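As provided, run.cif (mmCIF, C-alpha atoms) reads as follows.
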```cif
data_query
#
loop_
_atom_site.group_PDB
_atom_site.id
_atom_site.type_symbol
_atom_site.label_atom_id
_atom_site.label_comp_id
_atom_site.auth_asym_id
_atom_site.auth_seq_id
_atom_site.Cartn_x
_atom_site.Cartn_y
_atom_site.Cartn_z
ATOM 1 C CA ARG G 1 -15.515 16.107 -26.435
ATOM 2 C CA THR G 2 -18.136 18.555 -25.202
ATOM 3 C CA MET G 3 -15.470 20.842 -23.802
ATOM 4 C CA LEU G 4 -13.526 20.762 -27.061
ATOM 5 C CA LYS G 5 -16.572 22.212 -28.824
ATOM 6 C CA ARG G 6 -15.861 25.490 -27.000
ATOM 7 C CA PHE G 7 -12.334 25.756 -28.401
ATOM 8 C CA HIS G 8 -11.685 28.563 -30.893
ATOM 9 C CA PRO G 9 -8.830 27.197 -33.051
ATOM 10 C CA VAL G 10 -7.550 30.494 -34.478
ATOM 11 C CA PRO G 11 -6.743 32.250 -31.190
ATOM 12 C CA GLY G 12 -6.318 28.875 -29.502
ATOM 13 C CA ILE G 13 -8.570 29.496 -26.500
ATOM 14 C CA PHE G 14 -11.598 28.008 -24.816
ATOM 15 C CA GLN G 15 -14.506 30.422 -24.614
ATOM 16 C CA ALA G 16 -15.757 30.611 -21.047
ATOM 17 C CA TRP G 17 -19.247 32.046 -21.123
ATOM 18 C CA GLY G 18 -22.214 32.339 -23.476
ATOM 19 C CA GLY G 19 -22.968 30.900 -26.871
ATOM 20 C CA LEU G 20 -20.078 30.738 -29.303
ATOM 21 C CA ASP G 21 -21.843 33.308 -31.484
ATOM 22 C CA ASP G 22 -22.790 35.620 -28.606
ATOM 23 C CA PRO G 23 -21.301 39.017 -29.596
ATOM 24 C CA ASN G 24 -20.767 39.977 -25.944
ATOM 25 C CA GLU G 25 -18.938 36.792 -24.979
ATOM 26 C CA ARG G 26 -17.420 35.511 -28.209
ATOM 27 C CA GLY G 27 -13.713 34.882 -27.756
ATOM 28 C CA ARG G 28 -13.766 35.643 -24.017
ATOM 29 C CA THR G 29 -11.952 33.379 -21.626
ATOM 30 C CA ILE G 30 -11.253 33.499 -17.896
ATOM 31 C CA ILE G 31 -8.323 32.759 -15.631
ATOM 32 C CA ASP G 32 -10.443 30.191 -13.747
ATOM 33 C CA SER G 33 -10.304 28.022 -16.895
ATOM 34 C CA LEU G 34 -6.756 26.927 -16.079
ATOM 35 C CA MET G 35 -8.271 24.538 -13.547
ATOM 36 C CA ASN G 36 -10.204 22.756 -16.315
ATOM 37 C CA MET G 37 -7.170 21.885 -18.426
ATOM 38 C CA PRO G 38 -6.092 18.730 -16.511
ATOM 39 C CA LEU G 39 -9.302 17.060 -17.715
ATOM 40 C CA LEU G 40 -8.027 17.400 -21.285
ATOM 41 C CA TYR G 41 -4.602 15.942 -20.522
ATOM 42 C CA TRP G 42 -6.393 13.015 -18.911
ATOM 43 C CA ALA G 43 -8.585 12.630 -22.001
ATOM 44 C CA SER G 44 -5.555 12.386 -24.271
ATOM 45 C CA ARG G 45 -3.948 9.772 -22.033
ATOM 46 C CA GLU G 46 -7.142 7.721 -21.960
ATOM 47 C CA THR G 47 -7.954 7.926 -25.662
ATOM 48 C CA GLY G 48 -4.593 8.461 -27.373
ATOM 49 C CA ASP G 49 -6.177 11.444 -29.142
ATOM 50 C CA LEU G 50 -3.692 14.315 -28.858
ATOM 51 C CA ARG G 51 -6.207 17.005 -29.797
ATOM 52 C CA TYR G 52 -7.254 17.410 -26.173
ATOM 53 C CA GLN G 53 -3.802 18.056 -24.737
ATOM 54 C CA GLN G 54 -2.798 20.218 -27.692
ATOM 55 C CA ALA G 55 -5.824 22.451 -27.160
ATOM 56 C CA ALA G 56 -5.141 22.627 -23.409
ATOM 57 C CA PHE G 57 -1.515 23.641 -23.937
ATOM 58 C CA ARG G 58 -2.362 26.306 -26.543
ATOM 59 C CA HIS G 59 -5.001 27.754 -24.263
ATOM 60 C CA THR G 60 -2.661 27.835 -21.271
ATOM 61 C CA CYS G 61 0.071 29.553 -23.280
ATOM 62 C CA GLN G 62 -2.380 32.203 -24.455
ATOM 63 C CA LEU G 63 -3.322 32.931 -20.854
ATOM 64 C CA ARG G 64 0.360 33.101 -19.924
ATOM 65 C CA ASP G 65 1.010 35.579 -22.736
ATOM 66 C CA HIS G 66 -2.075 37.801 -22.367
ATOM 67 C CA PHE G 67 -3.455 37.620 -18.827
ATOM 68 C CA ILE G 68 -0.301 38.550 -16.918
ATOM 69 C CA ARG G 69 0.533 42.252 -16.570
ATOM 70 C CA PRO G 70 4.146 43.468 -16.259
ATOM 71 C CA ASP G 71 3.784 43.697 -12.458
ATOM 72 C CA HIS G 72 2.596 40.055 -12.325
ATOM 73 C CA THR G 73 -1.020 40.878 -11.557
ATOM 74 C CA THR G 74 -3.727 39.178 -13.595
ATOM 75 C CA PHE G 75 -6.813 40.023 -15.576
ATOM 76 C CA HIS G 76 -9.903 38.056 -14.637
ATOM 77 C CA THR G 77 -11.102 37.780 -18.256
ATOM 78 C CA TYR G 78 -9.652 38.495 -21.677
ATOM 79 C CA TYR G 79 -11.167 38.866 -25.157
ATOM 80 C CA PHE G 80 -9.611 37.423 -28.314
ATOM 81 C CA ASP G 81 -10.596 38.046 -31.922
ATOM 82 C CA VAL G 82 -11.719 34.616 -33.111
ATOM 83 C CA VAL G 83 -11.162 35.562 -36.778
ATOM 84 C CA THR G 84 -7.635 36.995 -36.599
ATOM 85 C CA GLY G 85 -6.549 35.346 -33.348
ATOM 86 C CA ALA G 86 -5.326 38.644 -31.905
ATOM 87 C CA GLY G 87 -5.661 39.526 -28.256
ATOM 88 C CA VAL G 88 -8.108 42.399 -27.836
ATOM 89 C CA ARG G 89 -8.469 43.545 -24.225
ATOM 90 C CA GLY G 90 -8.540 42.446 -20.606
ATOM 91 C CA ARG G 91 -11.606 42.922 -18.434
ATOM 92 C CA THR G 92 -12.899 41.880 -15.055
ATOM 93 C CA ALA G 93 -16.203 40.434 -13.930
ATOM 94 C CA GLN G 94 -15.755 39.725 -10.230
ATOM 95 C CA GLY G 95 -12.811 42.023 -9.484
ATOM 96 C CA ALA G 96 -13.011 45.644 -8.361
ATOM 97 C CA ARG G 97 -11.891 47.156 -11.691
ATOM 98 C CA ASP G 98 -10.529 46.036 -15.032
ATOM 99 C CA ASP G 99 -7.053 47.102 -13.929
ATOM 100 C CA SER G 100 -7.234 45.688 -10.388
ATOM 101 C CA CYS G 101 -6.183 42.229 -9.223
ATOM 102 C CA TRP G 102 -9.086 39.996 -8.189
ATOM 103 C CA ALA G 103 -7.704 37.850 -5.368
ATOM 104 C CA ARG G 104 -9.389 34.606 -6.334
ATOM 105 C CA GLY G 105 -8.309 35.063 -9.935
ATOM 106 C CA GLN G 106 -4.696 35.459 -8.809
ATOM 107 C CA ALA G 107 -5.100 32.286 -6.746
ATOM 108 C CA TRP G 108 -6.558 30.407 -9.739
ATOM 109 C CA GLY G 109 -3.469 31.516 -11.658
ATOM 110 C CA ILE G 110 -1.078 30.291 -8.971
ATOM 111 C CA TYR G 111 -2.674 26.868 -8.798
ATOM 112 C CA GLY G 112 -3.717 26.622 -12.445
ATOM 113 C CA PHE G 113 -0.350 27.403 -14.037
ATOM 114 C CA THR G 114 1.285 25.021 -11.565
ATOM 115 C CA LEU G 115 -1.054 22.187 -12.535
ATOM 116 C CA ASN G 116 -0.421 22.825 -16.212
ATOM 117 C CA TYR G 117 3.321 22.704 -15.548
ATOM 118 C CA ARG G 118 2.824 19.305 -13.887
ATOM 119 C CA HIS G 119 1.172 18.004 -17.059
ATOM 120 C CA THR G 120 3.500 19.600 -19.631
ATOM 121 C CA GLY G 121 6.883 20.175 -18.016
ATOM 122 C CA ASP G 122 6.987 23.628 -19.632
ATOM 123 C CA ALA G 123 9.183 25.626 -17.244
ATOM 124 C CA SER G 124 7.643 28.958 -18.265
ATOM 125 C CA LEU G 125 4.360 27.890 -16.670
ATOM 126 C CA LEU G 126 5.967 27.212 -13.300
ATOM 127 C CA GLN G 127 7.880 30.475 -13.550
ATOM 128 C CA THR G 128 4.603 32.298 -14.179
ATOM 129 C CA ALA G 129 2.990 30.601 -11.185
ATOM 130 C CA CYS G 130 5.905 31.670 -8.990
ATOM 131 C CA GLN G 131 5.612 35.277 -10.145
ATOM 132 C CA LEU G 132 1.899 35.327 -9.366
ATOM 133 C CA ALA G 133 2.532 33.727 -5.981
ATOM 134 C CA ASP G 134 5.163 36.293 -5.068
ATOM 135 C CA TYR G 135 2.755 39.142 -5.831
ATOM 136 C CA PHE G 136 -0.094 37.468 -3.941
ATOM 137 C CA LEU G 137 2.025 36.883 -0.841
ATOM 138 C CA ALA G 138 3.415 40.425 -0.905
ATOM 139 C CA HIS G 139 -0.109 41.893 -0.823
ATOM 140 C CA LEU G 140 -1.618 39.991 2.087
ATOM 141 C CA PRO G 141 -2.788 41.678 5.285
ATOM 142 C CA VAL G 142 -1.387 40.885 8.724
ATOM 143 C CA ASP G 143 -3.466 37.740 9.208
ATOM 144 C CA LYS G 144 -2.480 36.440 5.732
ATOM 145 C CA VAL G 145 -6.041 36.042 4.400
ATOM 146 C CA ALA G 146 -6.514 38.115 1.250
ATOM 147 C CA TYR G 147 -9.032 40.854 0.742
ATOM 148 C CA TRP G 148 -11.364 40.002 -2.140
ATOM 149 C CA ASP G 149 -9.302 42.214 -4.459
ATOM 150 C CA LEU G 150 -5.595 42.685 -3.840
ATOM 151 C CA ILE G 151 -5.827 46.447 -4.323
ATOM 152 C CA PHE G 152 -7.413 46.584 -0.852
ATOM 153 C CA GLY G 153 -5.519 46.474 2.420
ATOM 154 C CA GLU G 154 -5.749 47.154 6.129
ATOM 155 C CA GLY G 155 -8.306 49.833 6.953
ATOM 156 C CA SER G 156 -10.142 49.550 3.635
ATOM 157 C CA GLY G 157 -13.271 48.126 5.238
ATOM 158 C CA GLU G 158 -13.523 45.592 2.418
ATOM 159 C CA GLU G 159 -14.278 41.905 2.881
ATOM 160 C CA ARG G 160 -11.757 39.069 2.857
ATOM 161 C CA ASP G 161 -12.068 36.119 0.517
ATOM 162 C CA SER G 162 -11.196 33.021 2.505
ATOM 163 C CA SER G 163 -11.749 30.877 -0.593
ATOM 164 C CA ALA G 164 -8.969 32.713 -2.437
ATOM 165 C CA ALA G 165 -6.706 31.962 0.510
ATOM 166 C CA ALA G 166 -7.594 28.244 0.462
ATOM 167 C CA ILE G 167 -7.001 27.966 -3.302
ATOM 168 C CA ALA G 168 -3.662 29.734 -2.973
ATOM 169 C CA VAL G 169 -2.615 27.341 -0.188
ATOM 170 C CA CYS G 170 -3.209 24.353 -2.468
ATOM 171 C CA GLY G 171 -1.284 26.014 -5.281
ATOM 172 C CA LEU G 172 1.634 26.938 -3.023
ATOM 173 C CA MET G 173 1.852 23.407 -1.660
ATOM 174 C CA GLU G 174 1.813 21.988 -5.168
ATOM 175 C CA MET G 175 4.534 24.430 -6.249
ATOM 176 C CA ALA G 176 6.667 23.449 -3.274
ATOM 177 C CA ASP G 177 6.400 19.808 -4.329
ATOM 178 C CA LEU G 178 7.426 20.562 -7.915
ATOM 179 C CA LEU G 179 10.376 22.850 -7.185
ATOM 180 C CA PRO G 180 13.779 21.197 -6.554
ATOM 181 C CA PRO G 181 13.808 19.311 -3.220
ATOM 182 C CA GLY G 182 15.236 21.411 -0.432
ATOM 183 C CA SER G 183 15.172 24.608 -2.481
ATOM 184 C CA GLU G 184 14.853 27.860 -0.579
ATOM 185 C CA GLN G 185 11.991 28.957 -2.841
ATOM 186 C CA GLY G 186 10.012 25.774 -2.310
ATOM 187 C CA SER G 187 10.526 25.927 1.445
ATOM 188 C CA ALA G 188 9.342 29.543 1.502
ATOM 189 C CA TYR G 189 6.166 28.706 -0.421
ATOM 190 C CA ARG G 190 5.382 25.793 1.887
ATOM 191 C CA ALA G 191 5.929 27.955 4.963
ATOM 192 C CA ALA G 192 3.664 30.663 3.536
ATOM 193 C CA ALA G 193 0.978 28.079 2.750
ATOM 194 C CA LEU G 194 1.041 26.738 6.294
ATOM 195 C CA GLU G 195 0.820 30.257 7.725
ATOM 196 C CA ILE G 196 -2.259 31.055 5.616
ATOM 197 C CA LEU G 197 -3.844 27.701 6.453
ATOM 198 C CA ALA G 198 -3.268 28.225 10.179
ATOM 199 C CA SER G 199 -4.996 31.603 9.982
ATOM 200 C CA LEU G 200 -7.970 30.089 8.169
ATOM 201 C CA ALA G 201 -8.253 27.327 10.774
ATOM 202 C CA ALA G 202 -8.039 29.768 13.669
ATOM 203 C CA SER G 203 -10.388 32.509 12.511
ATOM 204 C CA TYR G 204 -12.350 31.625 9.380
ATOM 205 C CA THR G 205 -14.128 28.336 10.068
ATOM 206 C CA SER G 206 -17.535 27.489 11.519
ATOM 207 C CA GLN G 207 -16.122 25.621 14.525
ATOM 208 C CA ASP G 208 -17.916 28.021 16.871
ATOM 209 C CA GLN G 209 -21.084 28.210 14.778
ATOM 210 C CA PRO G 210 -22.754 24.786 15.018
ATOM 211 C CA GLN G 211 -25.796 26.093 13.144
ATOM 212 C CA SER G 212 -23.733 26.649 9.983
ATOM 213 C CA ASN G 213 -23.898 24.142 7.132
ATOM 214 C CA ALA G 214 -20.467 25.250 5.872
ATOM 215 C CA ILE G 215 -16.872 24.721 6.958
ATOM 216 C CA LEU G 216 -15.020 27.810 5.720
ATOM 217 C CA LEU G 217 -16.698 31.154 6.339
ATOM 218 C CA HIS G 218 -16.033 34.729 5.206
ATOM 219 C CA GLY G 219 -15.672 34.292 1.471
ATOM 220 C CA VAL G 220 -16.732 36.596 -1.340
ATOM 221 C CA GLY G 221 -18.447 35.202 -4.399
ATOM 222 C CA HIS G 222 -19.168 38.181 -6.659
ATOM 223 C CA LYS G 223 -18.869 41.529 -4.886
ATOM 224 C CA PRO G 224 -19.694 43.753 -7.904
ATOM 225 C CA GLY G 225 -22.769 41.616 -8.536
ATOM 226 C CA GLY G 226 -23.840 41.717 -4.898
ATOM 227 C CA VAL G 227 -23.772 37.924 -4.604
ATOM 228 C CA GLY G 228 -22.170 35.801 -1.896
ATOM 229 C CA ILE G 229 -20.583 38.626 0.108
ATOM 230 C CA ASP G 230 -19.046 37.480 3.405
ATOM 231 C CA GLU G 231 -20.505 34.026 2.912
ATOM 232 C CA ALA G 232 -19.357 30.447 2.620
ATOM 233 C CA SER G 233 -19.049 28.684 -0.727
ATOM 234 C CA LEU G 234 -18.760 25.160 -2.057
ATOM 235 C CA TRP G 235 -15.370 25.907 -3.589
ATOM 236 C CA GLY G 236 -14.128 27.494 -0.382
ATOM 237 C CA ASP G 237 -15.034 24.372 1.586
ATOM 238 C CA TYR G 238 -13.529 22.117 -1.086
ATOM 239 C CA TYR G 239 -10.131 23.813 -1.336
ATOM 240 C CA TYR G 240 -9.879 24.197 2.430
ATOM 241 C CA LEU G 241 -10.395 20.432 2.754
ATOM 242 C CA GLU G 242 -7.884 19.774 -0.022
ATOM 243 C CA ALA G 243 -5.337 21.948 1.787
ATOM 244 C CA LEU G 244 -5.911 20.035 5.033
ATOM 245 C CA THR G 245 -5.589 16.746 3.158
ATOM 246 C CA ARG G 246 -2.274 17.847 1.685
ATOM 247 C CA LEU G 247 -1.072 18.735 5.170
ATOM 248 C CA LYS G 248 -2.274 15.620 6.997
ATOM 249 C CA LEU G 249 -1.689 13.013 4.259
ATOM 250 C CA PRO G 250 1.673 13.777 2.607
ATOM 251 C CA GLY G 251 1.327 10.743 0.344
ATOM 252 C CA TRP G 252 -2.046 11.862 -1.004
ATOM 253 C CA THR G 253 -2.282 11.242 -4.743
ATOM 254 C CA LEU G 254 -3.219 14.358 -6.666
ATOM 255 C CA TYR G 255 -6.088 13.682 -9.059
ATOM 256 C CA TRP G 256 -6.120 17.001 -10.948
#
```
Would you write out, as structure tokens, the structure that this file holds?
Amino acid sequence: RTMLKRFHPVPGIFQAWGGLDDPNERGRTIIDSLMNMPLLYWASRETGDLRYQQAAFRHTCQLRDHFIRPDHTTFHTYYFDVVTGAGVRGRTAQGARDDSCWARGQAWGIYGFTLNYRHTGDASLLQTACQLADYFLAHLPVDKVAYWDLIFGEGSGEERDSSAAAIAVCGLMEMADLLPPGSEQGSAYRAAALEILASLAASYTSQDQPQSNAILLHGVGHKPGGVGIDEASLWGDYYYLEALTRLKLPGWTLYW
């Protein structure tokens, strides 16, 4: 119920940040929000109140229609006019530029659209997730762990974001499970996920740093803001552990 208070009914989106009357944040949502939508589908199942799932589906469709560029890169954030419902403009907060592709945002899209497909069966959401995954995989460096923004590559001197890699692994594994059994596409996504996960395990964990209180190292929180650069994060540790769980316990029940 608290989350539903942040839903703008005219554009059909959940505002991410700030007060609902904040002129700088009004009508702004973020690609990360896709990961919150399963809570609303659960709420409708538990209560029988369809408002929650209807709001979640409208929001997800708006992200599908406005956040994805023609080349299948993503905006981090997008503004909507809460009076007319029109899309206004895409921006970034944690990416390199408004027109770049923040790696963790692309990973949120891969996993988030896939989860929303699981709850709705809307094939366009899985198709969108696949398009984002294909771009993500095509822009990885040799060791398969993304730079913090996908505009960067070998020799750029920029940091990797191991947390983006871990999130993408979970999304790719979920996609592989939802695509037709034995399909070439699903097999390719699973193989890519395992390759990324192997690289994280070999070179991005604290196994040789017993003084660390983290598991997954070398993430980037907010590079433009100067916060969490080449550091561990709670979400990095979480999604790395989820990826390992998916690998080691094939019967694991997804709770998202």
Contacts of range 162-254 of chain G with range 26-42 of chain G up to 12 Å, shortest pair per row, only C-alpha atoms, as a Markdown table:
```
| residue | atom | partner | partner_atom | distance |
| --- | --- | --- | --- | --- |
| G:Ala164 | CA | G:Asp32 | CA | 11.7 |
| G:Ile167 | CA | G:Met35 | CA | 10.9 |
| G:Gly171 | CA | G:Met35 | CA | 10.9 |
| G:Leu254 | CA | G:Pro38 | CA | 11.1 |
```
Store the residues of this selection in a file with C-alpha atoms, as an mmCIF file, in the frame of the given file.
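Written file, selection_16.cif:
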```
data_model
loop_
_atom_site.group_PDB
_atom_site.id
_atom_site.type_symbol
_atom_site.label_atom_id
_atom_site.label_comp_id
_atom_site.auth_asym_id
_atom_site.auth_seq_id
_atom_site.Cartn_x
_atom_site.Cartn_y
_atom_site.Cartn_z
ATOM 1 C CA ALA G 164 -8.969 32.713 -2.437
ATOM 2 C CA ILE G 167 -7.001 27.966 -3.302
ATOM 3 C CA GLY G 171 -1.284 26.014 -5.281
ATOM 4 C CA LEU G 254 -3.219 14.358 -6.666
#
```
*CA of Leu126 in chain G to CA of Met175 in chain G: how many Å, to one decimal?*
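Answer for the CA of Leu126 in chain G to CA of Met175 in chain G separation: 7.7 Å.
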*Mind pulling up the distance from CA of His66 in chain G to CA of Tyr239 in chain G?*
26.5 Å
*the PyMOL selection byres ((chain G and resi 219) around 10) on the file shown: which residues, as a PyMOL selection string?*
chain G and resi 146-148+159-165+204+216-218+220-222+228-233+235-237
*Identify all residues satisfying the PyMOL selection byres ((chain G and resi 193) around 9) in the given file; provide them as a VMD selection string.*
chain G and resid 165 to 166 168 to 173 188 to 192 194 to 198 243
*Which of these, G:Thr253, G:Gln53, G:Thr84, G:Thr74, has the shortest distance to Asn116 in chain G once you count only C-alpha atoms?*
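Among G:Thr253, G:Gln53, G:Thr84, G:Thr74, it is G:Gln53 that comes nearest to Asn116 in chain G.
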*Go through the shown structure with the PyMOL selection byres ((chain G and resi 52) around 8) and write out the matching residues as a PyMOL selection string.*
chain G and resi 4+40-41+43-44+49-51+53-56
Contacts between range 8-21 of chain G and range 63-130 of chain G, please, where a residue of range 63-130 of chain G counts if it comes within 10 Å (with all atoms listed in the file); show its shortest atom pair and distance in Å to one decimal, rows by chain and ascending number, as a Markdown table.
```
| residue | atom | partner | partner_atom | distance |
| --- | --- | --- | --- | --- |
| G:Leu63 | CA | G:Ile13 | CA | 8.4 |
| G:Thr77 | CA | G:Ala16 | CA | 9.0 |
| G:Tyr78 | CA | G:Gln15 | CA | 9.9 |
| G:Tyr79 | CA | G:Gln15 | CA | 9.1 |
| G:Phe80 | CA | G:Pro11 | CA | 6.6 |
| G:Asp81 | CA | G:Pro11 | CA | 7.0 |
| G:Val82 | CA | G:Pro11 | CA | 5.8 |
| G:Val83 | CA | G:Val10 | CA | 6.6 |
| G:Thr84 | CA | G:Val10 | CA | 6.8 |
| G:Gly85 | CA | G:Pro11 | CA | 3.8 |
| G:Ala86 | CA | G:Pro11 | CA | 6.6 |
| G:Gly87 | CA | G:Pro11 | CA | 7.9 |
```
_Using Å and a single decimal, report how far CA of Leu247 in chain G sits from CA of Ala123 in chain G._
25.6 Å
*Name the closest residue to Arg69 in chain G among the candidates G:Gly182, G:Gly157, G:Gly95, G:Gly90; distances are taken between atoms, counting only C-alpha atoms.*
G:Gly90
*So which residues touch range 137-141 of chain G within 7 Å, counting only C-alpha atoms, skipping near sequence neighbours fewer than 4 positions away, as a ChimeraX atom specification?*
/G:133,145-146,150,153-154
How would the residues just picked look written out with C-alpha atoms as a PDB file, in the frame of the given file?
```
ATOM      1  CA  ALA G 133       2.532  33.727  -5.981  1.00  0.00           C
ATOM      2  CA  VAL G 145      -6.041  36.042   4.400  1.00  0.00           C
ATOM      3  CA  ALA G 146      -6.514  38.115   1.250  1.00  0.00           C
ATOM      4  CA  LEU G 150      -5.595  42.685  -3.840  1.00  0.00           C
ATOM      5  CA  GLY G 153      -5.519  46.474   2.420  1.00  0.00           C
ATOM      6  CA  GLU G 154      -5.749  47.154   6.129  1.00  0.00           C
TER       7      GLU G 154
END
```
*Do you know which residues are at most 10 Å from Asp71 in chain G counting all atoms listed in the file, after dropping those on the same chain fewer than 4 positions away, and could you put them as a ChimeraX atom specification?*
/G:131-132,135
Since the input is missing atoms for range 23-44 of chain G, could you rebuild it with N, CA and C atoms and give the result as a PDB file, in the coordinates of the input?
```pdb
ATOM      1  N   PRO G  23     -22.239  37.913 -29.325  1.00  0.00           N
ATOM      2  CA  PRO G  23     -21.301  39.017 -29.596  1.00  0.00           C
ATOM      3  C   PRO G  23     -20.662  39.592 -28.341  1.00  0.00           C
ATOM      4  N   ASN G  24     -21.317  39.442 -27.191  1.00  0.00           N
ATOM      5  CA  ASN G  24     -20.767  39.977 -25.944  1.00  0.00           C
ATOM      6  C   ASN G  24     -19.757  39.042 -25.289  1.00  0.00           C
ATOM      7  N   GLU G  25     -19.809  37.768 -25.635  1.00  0.00           N
ATOM      8  CA  GLU G  25     -18.938  36.792 -24.979  1.00  0.00           C
ATOM      9  C   GLU G  25     -18.016  36.053 -25.942  1.00  0.00           C
ATOM     10  N   ARG G  26     -18.198  36.254 -27.221  1.00  0.00           N
ATOM     11  CA  ARG G  26     -17.420  35.511 -28.209  1.00  0.00           C
ATOM     12  C   ARG G  26     -15.928  35.795 -28.035  1.00  0.00           C
ATOM     13  N   GLY G  27     -15.155  34.738 -27.890  1.00  0.00           N
ATOM     14  CA  GLY G  27     -13.713  34.882 -27.756  1.00  0.00           C
ATOM     15  C   GLY G  27     -13.251  35.294 -26.377  1.00  0.00           C
ATOM     16  N   ARG G  28     -14.119  35.241 -25.385  1.00  0.00           N
ATOM     17  CA  ARG G  28     -13.766  35.643 -24.017  1.00  0.00           C
ATOM     18  C   ARG G  28     -13.423  34.413 -23.183  1.00  0.00           C
ATOM     19  N   THR G  29     -12.296  34.472 -22.523  1.00  0.00           N
ATOM     20  CA  THR G  29     -11.952  33.379 -21.626  1.00  0.00           C
ATOM     21  C   THR G  29     -11.583  33.947 -20.265  1.00  0.00           C
ATOM     22  N   ILE G  30     -11.431  33.073 -19.286  1.00  0.00           N
ATOM     23  CA  ILE G  30     -11.253  33.499 -17.896  1.00  0.00           C
ATOM     24  C   ILE G  30     -10.088  32.750 -17.267  1.00  0.00           C
ATOM     25  N   ILE G  31      -9.487  33.382 -16.264  1.00  0.00           N
ATOM     26  CA  ILE G  31      -8.323  32.759 -15.631  1.00  0.00           C
ATOM     27  C   ILE G  31      -8.708  31.484 -14.882  1.00  0.00           C
ATOM     28  N   ASP G  32      -9.957  31.398 -14.424  1.00  0.00           N
ATOM     29  CA  ASP G  32     -10.443  30.191 -13.747  1.00  0.00           C
ATOM     30  C   ASP G  32     -10.282  28.947 -14.629  1.00  0.00           C
ATOM     31  N   SER G  33     -10.314  29.143 -15.948  1.00  0.00           N
ATOM     32  CA  SER G  33     -10.304  28.022 -16.895  1.00  0.00           C
ATOM     33  C   SER G  33      -9.042  27.179 -16.796  1.00  0.00           C
ATOM     34  N   LEU G  34      -7.981  27.722 -16.240  1.00  0.00           N
ATOM     35  CA  LEU G  34      -6.756  26.927 -16.079  1.00  0.00           C
ATOM     36  C   LEU G  34      -7.017  25.645 -15.286  1.00  0.00           C
ATOM     37  N   MET G  35      -7.982  25.704 -14.383  1.00  0.00           N
ATOM     38  CA  MET G  35      -8.271  24.538 -13.547  1.00  0.00           C
ATOM     39  C   MET G  35      -9.000  23.441 -14.316  1.00  0.00           C
ATOM     40  N   ASN G  36      -9.512  23.759 -15.499  1.00  0.00           N
ATOM     41  CA  ASN G  36     -10.204  22.756 -16.315  1.00  0.00           C
ATOM     42  C   ASN G  36      -9.258  21.962 -17.211  1.00  0.00           C
ATOM     43  N   MET G  37      -8.061  22.488 -17.442  1.00  0.00           N
ATOM     44  CA  MET G  37      -7.170  21.885 -18.426  1.00  0.00           C
ATOM     45  C   MET G  37      -6.713  20.462 -18.075  1.00  0.00           C
ATOM     46  N   PRO G  38      -6.499  20.109 -16.803  1.00  0.00           N
ATOM     47  CA  PRO G  38      -6.092  18.730 -16.511  1.00  0.00           C
ATOM     48  C   PRO G  38      -7.046  17.676 -17.048  1.00  0.00           C
ATOM     49  N   LEU G  39      -8.344  18.009 -17.142  1.00  0.00           N
ATOM     50  CA  LEU G  39      -9.302  17.060 -17.715  1.00  0.00           C
ATOM     51  C   LEU G  39      -8.907  16.686 -19.140  1.00  0.00           C
ATOM     52  N   LEU G  40      -8.378  17.653 -19.890  1.00  0.00           N
ATOM     53  CA  LEU G  40      -8.027  17.400 -21.285  1.00  0.00           C
ATOM     54  C   LEU G  40      -6.752  16.574 -21.406  1.00  0.00           C
ATOM     55  N   TYR G  41      -5.800  16.794 -20.514  1.00  0.00           N
ATOM     56  CA  TYR G  41      -4.602  15.942 -20.522  1.00  0.00           C
ATOM     57  C   TYR G  41      -4.978  14.504 -20.190  1.00  0.00           C
ATOM     58  N   TRP G  42      -5.887  14.351 -19.248  1.00  0.00           N
ATOM     59  CA  TRP G  42      -6.393  13.015 -18.911  1.00  0.00           C
ATOM     60  C   TRP G  42      -7.064  12.380 -20.126  1.00  0.00           C
ATOM     61  N   ALA G  43      -7.868  13.168 -20.846  1.00  0.00           N
ATOM     62  CA  ALA G  43      -8.585  12.630 -22.001  1.00  0.00           C
ATOM     63  C   ALA G  43      -7.619  12.120 -23.064  1.00  0.00           C
ATOM     64  N   SER G  44      -6.536  12.847 -23.286  1.00  0.00           N
ATOM     65  CA  SER G  44      -5.555  12.386 -24.271  1.00  0.00           C
ATOM     66  C   SER G  44      -4.866  11.108 -23.814  1.00  0.00           C
TER      67      SER G  44
END
```
